[in-house]
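Colleague: Pasting a structure here, questions to come.
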Amino acid sequence: MRTLDCTQLKCPLPLLKLKVALNEMIVGETICLIATDPVSASDIPKFCKKTGNLLLSMHDQPVFEFLIEKQ
């Protein structure tokens, strides 16, 4: 599992970094995205739904943690 630390980054950087990381991954691989920007709480789930990647879990503030499986 990969970890992508996007703490202290503002929108849209966490989403853009996730997109790049997912492009480098193979199907079935998982990534843990860690972010502090509250906008990520809505952006990341929408991005996963739109791109067909699976959001396995999401934990809220003060640090947001998303576990995503590449599809």
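As shown in the structure tokens, the chain order sets the letters A, B, ...; within each chain, residues go from 1, and ligands are also counted from 1 in the order they appear.
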I'd like the contact shell of A:Thr30 - 7 Å cut-off, only C-alpha atoms, skipping same-chain residues fewer than 3 positions apart - returned as a PyMOL selection string.
Modeller: chain A and resi 1-2+67-70
Colleague: Could you go through chain A and tell me which residues DSSP, when run on the backbone, assigns to alpha helix (DSSP H), listing them as a VMD selection string?
Modeller: chain A and resid 13 to 23 40 to 51
Colleague: Just give me the gap between atom CA of A:Ser42 and atom CA of A:Ile26 in Å, one decimal is fine.
Modeller: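 So the answer is 24.7 Å.
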Colleague: Mind running stretch 2-40 of chain A against stretch 54-57 of chain A at 10 Å and telling me each contacting residue's nearest atom pair with the distance in Å (one decimal), counting only C-alpha atoms, chain and number ascending, as a tab-separated table?
Modeller:
```
residue	atom	partner	partner_atom	distance
A:Gly28	CA	A:Leu54	CA	9.5
A:Thr30	CA	A:Leu56	CA	9.1
A:Ile31	CA	A:Leu55	CA	9.9
A:Cys32	CA	A:Ser57	CA	9.4
```
Colleague: Measuring atom to atom with only C-alpha atoms, identify which of A:Asn53, A:Ser40, A:Thr3, A:Gln8 is nearest to A:Gln71.
Modeller: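 Counting only C-alpha atoms, the residue closest to A:Gln71 is A:Asn53.
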Colleague: Residues within 9 Å of stretch 11-17 of chain A, please, as a ChimeraX atom specification. Count only C-alpha atoms; anything in the same chain fewer than 2 positions from it doesn't count.
Modeller: /A:4-7,9,19-22,33-35,37-40,43-44,47
Colleague: Deliver the residues from the most recent selection as a file, using N, CA and C atoms, as a short mmCIF file (atom, residue, chain, number, x, y, z; two decimals), in the first residue's frame.
Modeller:
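Now in part.cif:
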```cif
data_model
loop_
_atom_site.label_atom_id
_atom_site.label_comp_id
_atom_site.auth_asym_id
_atom_site.auth_seq_id
_atom_site.Cartn_x
_atom_site.Cartn_y
_atom_site.Cartn_z
N LEU A 4 0.23 8.71 0.48
CA LEU A 4 0.41 10.00 -0.17
C LEU A 4 0.11 11.08 0.86
N ASP A 5 1.15 11.73 1.35
CA ASP A 5 1.00 12.76 2.38
C ASP A 5 0.77 14.11 1.72
N CYS A 6 -0.44 14.60 1.83
CA CYS A 6 -0.79 15.90 1.25
C CYS A 6 -1.17 16.89 2.35
N THR A 7 -0.66 16.66 3.56
CA THR A 7 -0.95 17.60 4.64
C THR A 7 -0.37 18.96 4.28
N LEU A 9 -1.34 20.97 2.11
CA LEU A 9 -1.57 21.37 0.72
C LEU A 9 -3.03 21.78 0.56
N LYS A 19 -4.34 11.91 -8.47
CA LYS A 19 -4.53 11.52 -9.87
C LYS A 19 -3.23 11.00 -10.47
N VAL A 20 -2.13 11.69 -10.22
CA VAL A 20 -0.82 11.26 -10.72
C VAL A 20 -0.44 9.91 -10.12
N ALA A 21 -0.63 9.77 -8.81
CA ALA A 21 -0.28 8.52 -8.14
C ALA A 21 -1.09 7.35 -8.69
N LEU A 22 -2.39 7.55 -8.89
CA LEU A 22 -3.24 6.48 -9.41
C LEU A 22 -2.81 6.06 -10.82
N LEU A 33 -4.37 8.35 1.22
CA LEU A 33 -4.16 9.79 1.05
C LEU A 33 -4.45 10.47 2.38
N ILE A 34 -3.50 11.27 2.83
CA ILE A 34 -3.65 12.03 4.07
C ILE A 34 -3.67 13.51 3.70
N ALA A 35 -4.71 14.22 4.14
CA ALA A 35 -4.85 15.63 3.80
C ALA A 35 -5.40 16.41 4.99
N ASP A 37 -6.73 19.75 4.18
CA ASP A 37 -7.65 20.71 3.57
C ASP A 37 -9.08 20.16 3.62
N PRO A 38 -10.01 20.85 4.30
CA PRO A 38 -11.39 20.36 4.42
C PRO A 38 -12.09 20.12 3.09
N VAL A 39 -11.68 20.81 2.05
CA VAL A 39 -12.30 20.63 0.73
C VAL A 39 -12.07 19.20 0.23
N SER A 40 -11.02 18.57 0.69
CA SER A 40 -10.73 17.18 0.29
C SER A 40 -11.86 16.23 0.67
N ASP A 43 -14.08 16.62 -2.34
CA ASP A 43 -13.42 16.41 -3.63
C ASP A 43 -13.00 14.96 -3.87
N ILE A 44 -12.40 14.34 -2.89
CA ILE A 44 -11.83 12.99 -3.08
C ILE A 44 -12.94 11.96 -3.34
N PHE A 47 -14.26 12.49 -6.84
CA PHE A 47 -13.27 12.07 -7.82
C PHE A 47 -13.28 10.54 -7.97
#
```
Colleague: Name the residues of chain A that come out as strand (DSSP E or B) in a backbone DSSP run; write them as a PyMOL selection string.
Modeller: chain A and resi 2-6+30-35+54-59+64-69
Colleague: Which is closest to A:Phe64 among A:Glu29, A:Ala41, A:Glu24, A:Lys46, if we use only C-alpha atoms?
Modeller: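 Distance minimum relative to A:Phe64 lands on A:Ala41.
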Colleague: Between atom CA of A:Val27 and atom CA of A:Met58, what distance in Å does the model show, to one decimal?
Modeller: 19.9 Å
